[in-house]
file structure-v7.cif (mmCIF, C-alpha atoms)
data_coords
#
loop_
_atom_site.label_atom_id
_atom_site.label_comp_id
_atom_site.auth_asym_id
_atom_site.auth_seq_id
_atom_site.Cartn_x
_atom_site.Cartn_y
_atom_site.Cartn_z
CA MET A 1 7.74 -3.87 22.19
CA PRO A 2 7.25 -7.25 23.88
CA HIS A 3 8.03 -9.94 21.35
CA GLN A 4 5.52 -12.48 22.64
CA ARG A 5 2.73 -9.90 22.66
CA ARG A 6 3.31 -9.25 18.99
CA ARG A 7 3.28 -12.93 18.15
CA ARG A 8 0.08 -13.56 20.09
CA GLY A 9 -1.51 -10.54 18.45
CA LEU A 10 -0.79 -11.77 14.95
CA ARG A 11 -2.04 -15.32 15.16
CA VAL A 12 -5.39 -16.18 13.60
CA ARG A 13 -6.86 -18.05 16.53
CA ALA A 14 -8.25 -21.55 16.23
CA GLY A 15 -12.01 -21.69 16.44
CA ALA A 16 -12.36 -18.30 14.78
CA GLY A 17 -10.96 -19.34 11.43
CA GLY A 18 -14.06 -18.69 9.37
CA ALA A 19 -14.59 -15.23 10.82
CA ALA A 20 -10.94 -14.35 10.51
CA MET A 21 -10.86 -15.42 6.89
CA ALA A 22 -13.90 -13.32 6.15
CA LEU A 23 -12.15 -10.37 7.75
CA LEU A 24 -9.04 -10.96 5.69
CA ALA A 25 -10.98 -11.26 2.49
CA GLY A 26 -13.17 -8.18 2.45
CA CYS A 27 -15.80 -8.88 -0.19
CA ALA A 28 -16.24 -12.51 -1.16
CA GLY A 29 -15.41 -13.42 -4.72
CA ALA A 30 -14.74 -16.32 -7.00
CA GLY A 31 -12.71 -16.93 -10.09
CA GLY A 32 -12.12 -19.92 -12.28
CA THR A 33 -8.88 -21.12 -13.74
CA SER A 34 -7.71 -23.78 -16.14
CA PHE A 35 -4.88 -25.68 -14.52
CA GLY A 36 -2.36 -27.48 -16.62
CA GLY A 37 -0.33 -30.56 -15.86
CA GLY A 38 1.19 -31.42 -12.53
CA ASP A 39 4.51 -29.81 -13.40
CA ALA A 40 3.02 -26.38 -14.12
CA LEU A 41 3.02 -23.61 -11.54
CA ASN A 42 -0.32 -22.17 -10.49
CA VAL A 43 -0.18 -18.46 -9.67
CA LEU A 44 -3.02 -16.46 -8.14
CA MET A 45 -2.65 -12.70 -8.49
CA VAL A 46 -4.36 -9.33 -8.37
CA ASN A 47 -5.52 -7.84 -11.66
CA ASN A 48 -3.62 -4.56 -11.68
CA PRO A 49 -2.08 -3.44 -15.00
CA GLN A 50 1.51 -4.33 -14.11
CA MET A 51 0.48 -7.86 -13.11
CA VAL A 52 -1.48 -8.29 -16.33
CA GLU A 53 1.59 -7.23 -18.27
CA LEU A 54 3.67 -9.83 -16.43
CA GLN A 55 1.11 -12.46 -17.39
CA LYS A 56 1.54 -11.52 -21.06
CA LEU A 57 5.35 -11.67 -20.88
CA THR A 58 5.66 -14.96 -18.97
CA ALA A 59 5.24 -17.56 -21.71
CA GLU A 60 7.60 -15.92 -24.20
CA HIS A 61 10.31 -15.16 -21.67
CA PHE A 62 10.13 -17.10 -18.40
CA THR A 63 8.67 -20.36 -19.77
CA GLU A 64 10.83 -20.29 -22.88
CA GLU A 65 13.93 -19.84 -20.76
CA THR A 66 13.14 -22.31 -17.95
CA GLY A 67 10.66 -24.72 -19.51
CA ILE A 68 8.30 -24.09 -16.57
CA GLU A 69 4.70 -23.48 -17.57
CA VAL A 70 2.66 -21.02 -15.50
CA ASN A 71 -1.11 -20.98 -15.13
CA PHE A 72 -2.51 -17.67 -13.88
CA THR A 73 -5.72 -16.92 -12.02
CA VAL A 74 -6.22 -13.15 -12.11
CA LEU A 75 -8.88 -11.47 -9.93
CA PRO A 76 -9.82 -8.05 -8.52
CA GLU A 77 -8.24 -7.16 -5.17
CA ASN A 78 -11.08 -8.07 -2.82
CA ASP A 79 -11.73 -11.30 -4.68
CA VAL A 80 -8.10 -12.33 -4.83
CA ARG A 81 -7.64 -11.73 -1.09
CA ASP A 82 -10.63 -13.98 -0.45
CA LYS A 83 -9.32 -16.78 -2.62
CA ILE A 84 -5.77 -16.51 -1.27
CA SER A 85 -6.87 -16.59 2.36
CA GLN A 86 -9.06 -19.62 1.74
CA ASP A 87 -6.41 -21.62 -0.10
CA PHE A 88 -3.47 -20.68 2.11
CA SER A 89 -5.28 -21.03 5.45
CA ASN A 90 -6.43 -24.52 4.49
CA GLN A 91 -3.03 -25.33 2.96
CA ALA A 92 -4.97 -26.77 0.05
CA GLY A 93 -2.00 -26.33 -2.25
CA GLN A 94 -4.11 -25.41 -5.26
CA TYR A 95 -1.89 -22.39 -5.82
CA ASP A 96 1.87 -22.45 -5.51
CA ILE A 97 2.31 -18.68 -5.50
CA ALA A 98 0.05 -15.73 -4.74
CA THR A 99 0.29 -11.96 -4.61
CA ILE A 100 0.15 -10.89 -0.98
CA SER A 101 1.03 -7.57 0.61
CA ASN A 102 3.03 -6.47 3.61
CA PHE A 103 -0.30 -6.36 5.45
CA GLU A 104 -0.78 -10.15 5.24
CA VAL A 105 2.82 -11.39 5.51
CA PRO A 106 3.25 -11.29 9.33
CA PHE A 107 0.16 -13.29 10.26
CA PHE A 108 0.38 -15.58 7.22
CA ALA A 109 3.93 -16.37 8.32
CA GLU A 110 2.97 -16.71 11.99
CA ASN A 111 0.32 -19.25 11.08
CA GLY A 112 2.68 -21.33 8.95
CA TRP A 113 0.98 -20.67 5.63
CA LEU A 114 4.07 -19.40 3.77
CA HIS A 115 7.21 -21.19 2.64
CA PRO A 116 10.31 -19.45 4.07
CA LEU A 117 12.53 -18.08 1.31
CA ASP A 118 15.85 -17.70 3.13
CA GLU A 119 17.20 -20.97 1.76
CA TYR A 120 16.83 -19.50 -1.73
CA THR A 121 17.98 -15.94 -1.05
CA ARG A 122 21.19 -17.28 0.51
CA THR A 123 22.10 -19.58 -2.37
CA ASP A 124 20.69 -17.64 -5.34
CA THR A 125 23.25 -14.84 -5.32
CA ALA A 126 22.07 -13.61 -8.73
CA PHE A 127 18.81 -12.50 -7.11
CA GLU A 128 20.67 -9.99 -4.91
CA GLN A 129 18.44 -9.88 -1.84
CA ASP A 130 20.54 -7.04 -0.48
CA ASP A 131 19.36 -4.88 -3.39
CA ILE A 132 15.77 -4.92 -2.09
CA LEU A 133 15.00 -1.58 -0.45
CA LYS A 134 15.38 -2.09 3.29
CA PRO A 135 11.89 -0.96 4.45
CA VAL A 136 10.27 -3.17 1.83
CA ALA A 137 12.47 -6.14 2.74
CA ARG A 138 11.73 -5.69 6.46
CA SER A 139 7.99 -5.53 5.80
CA LEU A 140 8.16 -8.93 4.11
CA THR A 141 10.24 -10.49 6.91
CA TYR A 142 8.90 -12.10 10.05
CA ASP A 143 11.02 -13.23 13.01
CA GLY A 144 14.12 -12.63 10.91
CA THR A 145 12.97 -14.84 8.02
CA VAL A 146 12.06 -13.66 4.51
CA TYR A 147 8.61 -14.88 3.48
CA ALA A 148 7.84 -12.92 0.29
CA GLU A 149 9.58 -10.97 -2.46
CA PRO A 150 8.25 -7.67 -3.81
CA PHE A 151 6.90 -7.05 -7.29
CA TYR A 152 6.68 -3.33 -6.66
CA GLY A 153 6.55 -0.97 -3.70
CA GLU A 154 5.11 2.43 -2.91
CA SER A 155 4.98 5.12 -0.27
CA SER A 156 2.98 8.36 -0.23
CA PHE A 157 3.90 11.96 -1.03
CA LEU A 158 2.42 15.33 -1.91
CA MET A 159 1.92 16.20 -5.57
CA TYR A 160 1.25 19.79 -6.64
CA ARG A 161 0.89 21.93 -9.76
CA LYS A 162 4.18 23.76 -9.78
CA ASP A 163 3.09 25.91 -12.75
CA VAL A 164 -0.03 27.10 -10.91
CA PHE A 165 2.00 27.78 -7.76
CA ALA A 166 4.53 29.84 -9.75
CA GLU A 167 1.82 31.82 -11.53
CA HIS A 168 0.12 32.75 -8.26
CA GLY A 169 3.25 33.37 -6.21
CA LEU A 170 2.84 30.31 -4.00
CA THR A 171 5.87 28.48 -2.61
CA MET A 172 5.85 24.81 -1.69
CA PRO A 173 8.29 24.05 1.16
CA ALA A 174 10.81 21.31 0.50
CA ARG A 175 9.44 19.45 3.54
CA PRO A 176 5.94 20.81 4.22
CA THR A 177 3.95 20.53 7.42
CA TRP A 178 0.24 19.75 7.29
CA GLN A 179 -0.58 23.26 8.47
CA GLN A 180 1.45 24.71 5.60
CA VAL A 181 -0.42 22.43 3.22
CA ALA A 182 -3.76 23.60 4.61
CA ASP A 183 -2.72 27.24 4.17
CA LEU A 184 -1.60 26.59 0.60
CA ALA A 185 -4.84 24.74 -0.16
CA ALA A 186 -6.81 27.81 0.91
CA GLU A 187 -4.71 30.05 -1.34
CA ALA A 188 -4.77 27.68 -4.33
CA ASP A 189 -8.51 27.06 -4.09
CA GLY A 190 -10.00 28.67 -7.20
CA ALA A 191 -6.59 29.57 -8.66
CA GLU A 192 -7.95 28.37 -11.99
CA LYS A 193 -11.55 27.95 -13.02
CA GLY A 194 -12.99 24.83 -11.38
CA MET A 195 -9.76 24.08 -9.48
CA LYS A 196 -9.86 23.06 -5.82
CA GLY A 197 -7.00 23.45 -3.40
CA ILE A 198 -6.39 19.77 -2.65
CA CYS A 199 -7.72 16.28 -3.27
CA LEU A 200 -7.82 13.78 -0.40
CA ARG A 201 -9.47 10.38 -0.30
CA GLY A 202 -12.88 10.31 1.36
CA LEU A 203 -14.18 7.04 -0.05
CA PRO A 204 -14.99 4.36 2.57
CA GLY A 205 -12.54 1.46 2.76
CA TRP A 206 -9.62 0.44 4.96
CA GLY A 207 -7.42 0.88 1.91
CA GLU A 208 -9.07 4.13 0.81
CA VAL A 209 -9.73 7.02 3.24
CA ILE A 210 -8.16 5.20 6.18
CA ALA A 211 -4.73 5.01 4.50
CA PRO A 212 -3.98 8.74 4.16
CA LEU A 213 -5.93 9.64 7.30
CA THR A 214 -3.88 7.25 9.44
CA THR A 215 -0.62 8.84 8.25
CA VAL A 216 -2.00 12.19 9.43
CA VAL A 217 -2.99 10.61 12.76
CA ASN A 218 0.52 9.17 13.15
CA THR A 219 2.38 12.43 12.56
CA MET A 220 -0.01 14.41 14.77
CA GLY A 221 0.73 12.13 17.71
CA GLY A 222 -2.16 9.68 17.56
CA THR A 223 -2.44 5.91 17.27
CA TRP A 224 -5.18 3.31 16.84
CA PHE A 225 -3.88 1.23 19.75
CA THR A 226 -1.28 1.66 22.46
CA GLU A 227 1.46 -0.91 22.96
CA ASP A 228 -0.72 -2.81 25.45
CA TRP A 229 -3.76 -2.78 23.13
CA GLN A 230 -5.73 0.13 24.53
CA ALA A 231 -7.93 1.66 21.79
CA ARG A 232 -7.15 5.36 21.35
CA LEU A 233 -9.53 6.63 18.69
CA ASP A 234 -11.07 8.95 21.28
CA SER A 235 -7.71 10.53 22.23
CA PRO A 236 -7.16 14.28 21.69
CA GLU A 237 -4.44 13.53 19.10
CA PHE A 238 -6.61 11.18 17.04
CA LYS A 239 -9.49 13.66 17.22
CA LYS A 240 -7.27 16.60 16.21
CA ALA A 241 -5.91 14.74 13.18
CA THR A 242 -9.34 13.56 12.05
CA GLU A 243 -10.92 16.99 12.46
CA PHE A 244 -8.01 18.52 10.52
CA TYR A 245 -8.39 16.02 7.66
CA VAL A 246 -12.18 16.32 7.48
CA ASP A 247 -12.12 20.12 7.68
CA LEU A 248 -9.43 20.41 5.02
CA VAL A 249 -11.22 18.26 2.49
CA ARG A 250 -14.60 19.85 3.26
CA LYS A 251 -13.28 23.42 2.92
CA HIS A 252 -10.80 23.11 0.07
CA GLY A 253 -11.15 19.59 -1.30
CA GLN A 254 -12.90 18.11 -4.31
CA SER A 255 -16.65 18.00 -4.76
CA GLY A 256 -18.14 14.64 -3.84
CA ALA A 257 -15.18 13.95 -1.57
CA ALA A 258 -17.02 11.26 0.38
CA GLN A 259 -17.20 9.22 -2.85
CA SER A 260 -13.65 10.00 -3.99
CA GLY A 261 -10.82 7.53 -3.69
CA TYR A 262 -7.44 7.08 -5.34
CA ALA A 263 -8.87 6.76 -8.85
CA GLU A 264 -11.05 9.87 -8.56
CA CYS A 265 -8.23 12.02 -7.16
CA LEU A 266 -5.88 10.80 -9.88
CA ASN A 267 -8.43 11.82 -12.48
CA ASN A 268 -8.94 15.22 -10.82
CA MET A 269 -5.20 15.89 -10.79
CA THR A 270 -4.77 14.74 -14.37
CA GLN A 271 -7.66 16.90 -15.58
CA GLY A 272 -6.45 20.04 -13.78
CA LYS A 273 -9.27 20.08 -11.21
CA THR A 274 -7.02 20.22 -8.15
CA ALA A 275 -3.83 22.07 -7.22
CA MET A 276 -2.50 19.45 -4.78
CA TRP A 277 -2.95 15.76 -4.11
CA TYR A 278 -1.61 13.70 -1.20
CA ASP A 279 -1.55 10.01 -2.08
CA ALA A 280 0.46 7.01 -3.28
CA THR A 281 3.77 7.53 -5.03
CA ALA A 282 2.45 5.13 -7.67
CA GLY A 283 0.18 7.92 -8.97
CA ALA A 284 3.15 9.81 -10.37
CA GLY A 285 3.63 7.37 -13.23
CA SER A 286 0.18 8.18 -14.60
CA LEU A 287 0.63 11.93 -14.14
CA GLU A 288 3.90 11.83 -16.07
CA ALA A 289 2.72 9.42 -18.78
CA ALA A 290 3.19 10.43 -22.40
CA GLY A 291 -0.45 11.40 -22.95
CA SER A 292 -1.02 13.13 -19.60
CA PRO A 293 -2.25 16.76 -19.87
CA VAL A 294 -0.19 17.67 -16.78
CA LYS A 295 3.05 15.90 -17.72
CA GLY A 296 5.98 18.05 -16.64
CA ARG A 297 3.78 20.40 -14.60
CA ILE A 298 3.78 18.46 -11.33
CA GLY A 299 6.11 18.92 -8.38
CA TYR A 300 6.69 16.20 -5.78
CA VAL A 301 7.60 16.67 -2.10
CA PRO A 302 7.61 14.33 0.93
CA ALA A 303 4.45 13.47 2.82
CA PRO A 304 3.53 16.38 5.12
CA VAL A 305 4.48 16.04 8.78
CA GLU A 306 3.84 17.64 12.17
CA ARG A 307 5.50 15.76 15.04
CA THR A 308 7.44 13.05 13.14
CA ASP A 309 10.37 13.25 10.73
CA SER A 310 8.48 11.40 8.00
CA SER A 311 4.92 10.18 7.52
CA GLY A 312 4.74 8.36 4.18
CA TRP A 313 3.09 4.96 4.19
CA LEU A 314 4.56 1.70 2.94
CA TYR A 315 2.84 -0.84 0.71
CA THR A 316 4.04 -3.59 -1.57
CA TRP A 317 2.47 -6.28 -3.67
CA ALA A 318 4.72 -9.28 -3.27
CA TRP A 319 5.04 -12.94 -4.23
CA GLY A 320 4.37 -15.43 -1.45
CA MET A 321 4.91 -19.19 -1.83
CA GLN A 322 2.36 -21.46 -0.18
CA LYS A 323 3.91 -23.78 2.40
CA ALA A 324 1.95 -26.69 0.92
CA SER A 325 3.36 -26.22 -2.59
CA LYS A 326 4.94 -29.38 -3.94
CA LYS A 327 7.04 -27.35 -6.40
CA PRO A 328 9.01 -24.92 -4.22
CA ASP A 329 12.15 -24.90 -6.38
CA LYS A 330 10.18 -24.08 -9.51
CA ALA A 331 8.13 -21.53 -7.58
CA TRP A 332 11.32 -19.78 -6.49
CA LYS A 333 12.50 -19.60 -10.10
CA PHE A 334 9.32 -17.73 -10.98
CA ILE A 335 9.50 -15.45 -7.94
CA SER A 336 13.14 -14.61 -8.53
CA TRP A 337 12.37 -13.82 -12.18
CA ALA A 338 9.29 -11.69 -11.43
CA SER A 339 11.06 -9.76 -8.65
CA GLY A 340 14.42 -9.60 -10.41
CA LYS A 341 16.41 -6.91 -12.15
CA GLY A 342 16.17 -8.81 -15.41
CA TYR A 343 12.39 -8.45 -15.43
CA GLU A 344 12.70 -4.70 -14.93
CA GLN A 345 15.05 -4.61 -17.91
CA LEU A 346 12.54 -6.59 -19.95
CA VAL A 347 9.66 -4.25 -19.14
CA GLY A 348 11.81 -1.21 -19.80
CA GLU A 349 12.72 -2.48 -23.24
CA GLN A 350 9.27 -3.81 -24.12
CA SER A 351 6.95 -1.18 -22.63
CA GLY A 352 9.06 1.80 -21.66
CA TRP A 353 11.03 2.52 -18.50
CA ALA A 354 8.28 4.60 -16.88
CA ASN A 355 6.22 1.38 -16.71
CA VAL A 356 8.82 -0.59 -14.75
CA PRO A 357 7.41 -2.07 -11.48
CA ALA A 358 9.64 0.08 -9.30
CA GLY A 359 9.83 0.91 -5.61
CA LYS A 360 11.53 -2.33 -4.59
CA ARG A 361 15.21 -2.31 -5.64
CA ALA A 362 17.89 0.25 -4.91
CA SER A 363 19.51 -0.47 -8.28
CA THR A 364 16.39 0.74 -10.11
CA TYR A 365 17.18 4.27 -8.94
CA ASP A 366 20.70 4.04 -10.38
CA ARG A 367 19.51 3.09 -13.88
CA PRO A 368 19.98 6.04 -16.26
CA GLU A 369 17.11 4.78 -18.43
CA TYR A 370 14.69 4.77 -15.51
CA LEU A 371 15.84 8.12 -14.16
CA THR A 372 15.36 9.67 -17.59
CA ALA A 373 11.81 8.33 -17.92
CA ALA A 374 10.77 8.88 -14.28
CA GLY A 375 13.10 11.69 -13.31
CA ALA A 376 10.35 13.96 -12.00
CA PHE A 377 9.44 11.61 -9.17
CA ALA A 378 11.93 8.74 -8.97
CA LYS A 379 14.25 10.06 -6.27
CA VAL A 380 11.42 11.50 -4.16
CA THR A 381 9.74 8.09 -4.28
CA GLU A 382 12.95 6.30 -3.29
CA LYS A 383 13.43 8.63 -0.32
CA ALA A 384 9.80 8.24 0.73
CA ILE A 385 10.12 4.46 0.82
CA ALA A 386 13.50 4.64 2.55
CA GLY A 387 12.02 6.87 5.24
CA ALA A 388 9.03 4.64 5.97
CA ASP A 389 9.22 2.79 9.29
CA PRO A 390 6.32 0.34 9.84
CA ASP A 391 7.61 -0.59 13.31
CA ASP A 392 7.72 2.99 14.60
CA PRO A 393 5.55 5.28 12.45
CA GLY A 394 4.34 7.63 15.15
CA THR A 395 5.27 9.18 18.48
CA GLN A 396 4.72 6.18 20.76
CA PRO A 397 5.24 2.38 20.69
CA ARG A 398 2.67 0.25 18.82
CA PRO A 399 1.48 -3.31 19.50
CA THR A 400 2.20 -4.45 15.94
CA ALA A 401 3.68 -3.15 12.70
CA GLY A 402 1.92 -0.98 10.15
CA ILE A 403 1.88 2.65 9.01
CA GLN A 404 -1.41 3.18 7.19
CA PHE A 405 -2.97 0.07 8.74
CA VAL A 406 -2.80 -1.98 11.93
CA GLY A 407 -1.21 -5.33 11.19
CA ILE A 408 -3.93 -7.65 12.46
CA PRO A 409 -6.49 -9.67 10.45
CA GLU A 410 -9.39 -7.86 12.12
CA PHE A 411 -8.29 -4.52 10.70
CA THR A 412 -9.93 -5.17 7.35
CA ASP A 413 -13.30 -5.19 9.10
CA LEU A 414 -12.51 -2.59 11.75
CA GLY A 415 -10.86 -0.21 9.30
CA THR A 416 -13.76 -0.48 6.89
CA LYS A 417 -16.36 0.24 9.57
CA VAL A 418 -14.39 3.22 10.89
CA SER A 419 -13.93 4.48 7.33
CA GLN A 420 -17.68 4.56 6.89
CA GLU A 421 -17.97 6.82 9.93
CA ILE A 422 -15.21 9.13 8.67
CA SER A 423 -16.73 9.28 5.21
CA ALA A 424 -20.07 10.21 6.77
CA ALA A 425 -18.33 13.07 8.58
CA ILE A 426 -16.78 14.26 5.31
CA ALA A 427 -20.22 14.17 3.73
CA GLY A 428 -21.57 16.24 6.61
CA ARG A 429 -23.93 13.52 7.81
CA ARG A 430 -22.15 13.02 11.14
CA SER A 431 -19.91 15.06 13.41
CA VAL A 432 -16.30 13.97 13.81
CA ALA A 433 -16.91 13.61 17.54
CA LYS A 434 -19.79 11.19 17.00
CA ALA A 435 -17.90 9.29 14.28
CA LEU A 436 -14.97 8.73 16.62
CA GLU A 437 -17.22 7.81 19.54
CA ILE A 438 -18.69 5.00 17.45
CA SER A 439 -15.26 4.06 16.09
CA GLN A 440 -13.73 3.89 19.57
CA SER A 441 -16.39 1.40 20.63
CA LEU A 442 -15.61 -0.76 17.59
CA ALA A 443 -11.88 -0.61 18.30
CA GLU A 444 -12.35 -1.52 21.96
CA LYS A 445 -14.08 -4.76 20.96
CA VAL A 446 -11.11 -5.72 18.79
CA ALA A 447 -8.62 -4.70 21.47
CA LYS A 448 -10.19 -7.07 24.01
CA GLU A 449 -9.17 -10.01 21.80
CA TYR A 450 -5.49 -9.10 22.28
CA GLN A 451 -5.28 -7.82 25.86
#

call {"tool": "encode", "arguments": {"input": "structure-v7.cif", "output": "structure tokens"}}
result
Amino acid sequence: MPHQRRRRGLRVRAGAGGAAMALLAGCAGAGGTSFGGGDALNVLMVNNPQMVELQKLTAEHFTEETGIEVNFTVLPENDVRDKISQDFSNQAGQYDIATISNFEVPFFAENGWLHPLDEYTRTDTAFEQDDILKPVARSLTYDGTVYAEPFYGESSFLMYRKDVFAEHGLTMPARPTWQQVADLAAEADGAEKGMKGICLRGLPGWGEVIAPLTTVVNTMGGTWFTEDWQARLDSPEFKKATEFYVDLVRKHGQSGAAQSGYAECLNNMTQGKTAMWYDATAGAGSLEAAGSPVKGRIGYVPAPVERTDSSGWLYTWAWGMQKASKKPDKAWKFISWASGKGYEQLVGEQSGWANVPAGKRASTYDRPEYLTAAGAFAKVTEKAIAGADPDDPGTQPRPTAGIQFVGIPEFTDLGTKVSQEISAAIAGRRSVAKALEISQSLAEKVAKEYQ
């Protein structure tokens, strides 16, 4: 793919800063914080459980060891993206470190908002940069430079009730195709009272229904944009994949699918309301938790495919250092601690090895303690992440990186609007053909900005 085209496509263009920041942010939000003295680090992060646990462990372990105080601002995802984009784009320097994902890293780096980390990864040999799983490391690298370090990573795979399959004589292939999954969903539908064949996200949102749907589009030969930025949501391949997804969830999926996202499908799987679930590898930890009703009853296989060798997505929450930070050396000490093997050891000892923020280091999958606690899904997760290729996730070249998203700032808005059309089709309020006709028009407007 032409290097200069990618670079031009990633830049947030001058004169459109306010609009671009709104697109990056999703819903606007605000959050207060109490900053300490000038020597303290200010960290802005998403409020997921593993981040909250890190916040609780920091003072007793990181600060006690280094003498560096850390002030946290913790916000929901949409709100934290808003605040990060505002502070980093203005280079205000209010926050030294923030949780960003592999979605933001390329254009944050292109626009000079992130502090390069190579100078630290080369000299801090104890951090072991080479231990970071290669797809995750590549997704946080831009133009050959590392700009963020992962806290945890995930891909996607298919989860299924192996006890129900055995009882009803159903066999899950080691590497299923989507057609095989559809056939199994039909057979498993109603296998137990109130059980549906499969759960798939239908909830609007570029990070909800669009994520799994786009992996289906990729493996069935479709793409959002061609290499030269031609919108292709009206292509036969994109239409085939979308019709397949919508039909599958409508025929054999959960009730209220158009309002179901990750959380709802997780609950359905945990409560025995679905025989299969295609979603994030991160869901396995909850299914195998000590109090889970389905612990030990779930099987895990790679993301279903059709025309590609793999189709799992790639996502990571990572630590990015603001270029304007006046405390880069201290910021690196925090990042290296929070992304390091020692922190995994700490969580394993304090909270149990199943709770370790995994999916980022190869060494995690060699730890006997982790493999014992997460043995049902650990190796499948590692292989799913290893097989993810953000630069080449489909059957034809792409204009920019991304598996379950298109790596441009405008995708937060475009993906959300398209998701609303797809969700309407799942709800039966709109035909797939009409939904994609509208979506194609939206995508063409974005494409014109990059042609």

call {"tool": "resolve_selection", "arguments": {"input": "structure-v7.cif", "expression": "the PyMOL selection byres ((chain A and resi 327-330) around 9)", "output": "ChimeraX atom specification"}}
result
/A:39-41,68,96,115,120,321-326,331-335

call {"tool": "write_last_selection", "arguments": {"input": "structure-v7.cif", "atoms": "C-alpha atoms", "output": "mmCIF file, in the frame of the given file"}}
result
data_model
loop_
_atom_site.group_PDB
_atom_site.id
_atom_site.type_symbol
_atom_site.label_atom_id
_atom_site.label_comp_id
_atom_site.auth_asym_id
_atom_site.auth_seq_id
_atom_site.Cartn_x
_atom_site.Cartn_y
_atom_site.Cartn_z
ATOM 1 C CA ASP A 39 4.510 -29.810 -13.400
ATOM 2 C CA ALA A 40 3.020 -26.380 -14.120
ATOM 3 C CA LEU A 41 3.020 -23.610 -11.540
ATOM 4 C CA ILE A 68 8.300 -24.090 -16.570
ATOM 5 C CA ASP A 96 1.870 -22.450 -5.510
ATOM 6 C CA HIS A 115 7.210 -21.190 2.640
ATOM 7 C CA TYR A 120 16.830 -19.500 -1.730
ATOM 8 C CA MET A 321 4.910 -19.190 -1.830
ATOM 9 C CA GLN A 322 2.360 -21.460 -0.180
ATOM 10 C CA LYS A 323 3.910 -23.780 2.400
ATOM 11 C CA ALA A 324 1.950 -26.690 0.920
ATOM 12 C CA SER A 325 3.360 -26.220 -2.590
ATOM 13 C CA LYS A 326 4.940 -29.380 -3.940
ATOM 14 C CA ALA A 331 8.130 -21.530 -7.580
ATOM 15 C CA TRP A 332 11.320 -19.780 -6.490
ATOM 16 C CA LYS A 333 12.500 -19.600 -10.100
ATOM 17 C CA PHE A 334 9.320 -17.730 -10.980
ATOM 18 C CA ILE A 335 9.500 -15.450 -7.940
#

call {"tool": "closest_residue", "arguments": {"input": "structure-v7.cif", "among": "A:Leu233, A:Ala388, A:Val146, A:Ala362", "to": "A:Ala435", "atoms": "all atoms listed in the file"}}
result
A:Leu233

call {"tool": "closest_residue", "arguments": {"input": "structure-v7.cif", "among": "A:Ala191, A:Ala211, A:Ile438, A:Leu133", "to": "A:Glu382", "atoms": "all atoms listed in the file"}}
result
A:Leu133

call {"tool": "residues_around", "arguments": {"input": "structure-v7.cif", "residues": "A:Gly207", "least_positions_apart": "5", "cutoff": "9 Å", "atoms": "all atoms listed in the file", "output": "compact mmCIF listing (two decimals) with C-alpha atoms, keeping the file's coordinate frame"}}
result
# COMPACT_ATOMS: atom_id res chain seq x y z
CA PRO A 212 -3.98 8.74 4.16
CA GLN A 404 -1.41 3.18 7.19
CA PHE A 405 -2.97 0.07 8.74
CA THR A 412 -9.93 -5.17 7.35
CA GLY A 415 -10.86 -0.21 9.30
CA THR A 416 -13.76 -0.48 6.89

call {"tool": "resolve_selection", "arguments": {"input": "structure-v7.cif", "expression": "the PyMOL selection byres ((chain A and resi 259-274) around 6)", "output": "VMD selection string"}}
result
chain A and resid 195 to 199 201 to 203 208 256 to 258 275 to 276 294

call {"tool": "residues_around", "arguments": {"input": "structure-v7.cif", "residues": "stretch 371-381 of chain A", "least_positions_apart": "3", "cutoff": "10 Å", "atoms": "all atoms listed in the file", "output": "NGL selection string"}}
result
:A and (153-157 or 159 or 280-285 or 288-290 or 295-302 or 312 or 348 or 352-356 or 358-359 or 364-368 or 384-387)

call {"tool": "closest_residue", "arguments": {"input": "structure-v7.cif", "among": "A:His252, A:Ile403, A:Ser351, A:Tyr370", "to": "A:Leu54", "atoms": "only C-alpha atoms"}}
result
A:Ser351

call {"tool": "residues_around", "arguments": {"input": "structure-v7.cif", "residues": "A:Ala137", "least_positions_apart": "5", "cutoff": "9 Å", "atoms": "only C-alpha atoms", "output": "list in words"}}
result
Gln129, Asp130, Ile132, Val146, Ala148, Glu149, Pro150 and Lys360 of chain A

call {"tool": "build_atoms", "arguments": {"input": "structure-v7.cif", "residues": "stretch 211-217 of chain A", "atoms": "N, CA and C atoms", "output": "mmCIF file, in the coordinates of the input"}}
result
data_model
loop_
_atom_site.group_PDB
_atom_site.id
_atom_site.type_symbol
_atom_site.label_atom_id
_atom_site.label_comp_id
_atom_site.auth_asym_id
_atom_site.auth_seq_id
_atom_site.Cartn_x
_atom_site.Cartn_y
_atom_site.Cartn_z
ATOM 1 N N ALA A 211 -6.174 4.997 4.756
ATOM 2 C CA ALA A 211 -4.730 5.010 4.500
ATOM 3 C C ALA A 211 -4.127 6.406 4.691
ATOM 4 N N PRO A 212 -4.568 7.419 3.935
ATOM 5 C CA PRO A 212 -3.980 8.740 4.160
ATOM 6 C C PRO A 212 -4.319 9.323 5.526
ATOM 7 N N LEU A 213 -5.549 9.100 5.996
ATOM 8 C CA LEU A 213 -5.930 9.640 7.300
ATOM 9 C C LEU A 213 -5.023 9.117 8.402
ATOM 10 N N THR A 214 -4.699 7.833 8.373
ATOM 11 C CA THR A 214 -3.880 7.250 9.440
ATOM 12 C C THR A 214 -2.468 7.829 9.436
ATOM 13 N N THR A 215 -1.942 8.197 8.258
ATOM 14 C CA THR A 215 -0.620 8.840 8.250
ATOM 15 C C THR A 215 -0.685 10.212 8.907
ATOM 16 N N VAL A 216 -1.817 10.903 8.753
ATOM 17 C CA VAL A 216 -2.000 12.190 9.430
ATOM 18 C C VAL A 216 -2.116 11.972 10.945
ATOM 19 N N VAL A 217 -2.868 10.955 11.342
ATOM 20 C CA VAL A 217 -2.990 10.610 12.760
ATOM 21 C C VAL A 217 -1.611 10.331 13.360
#
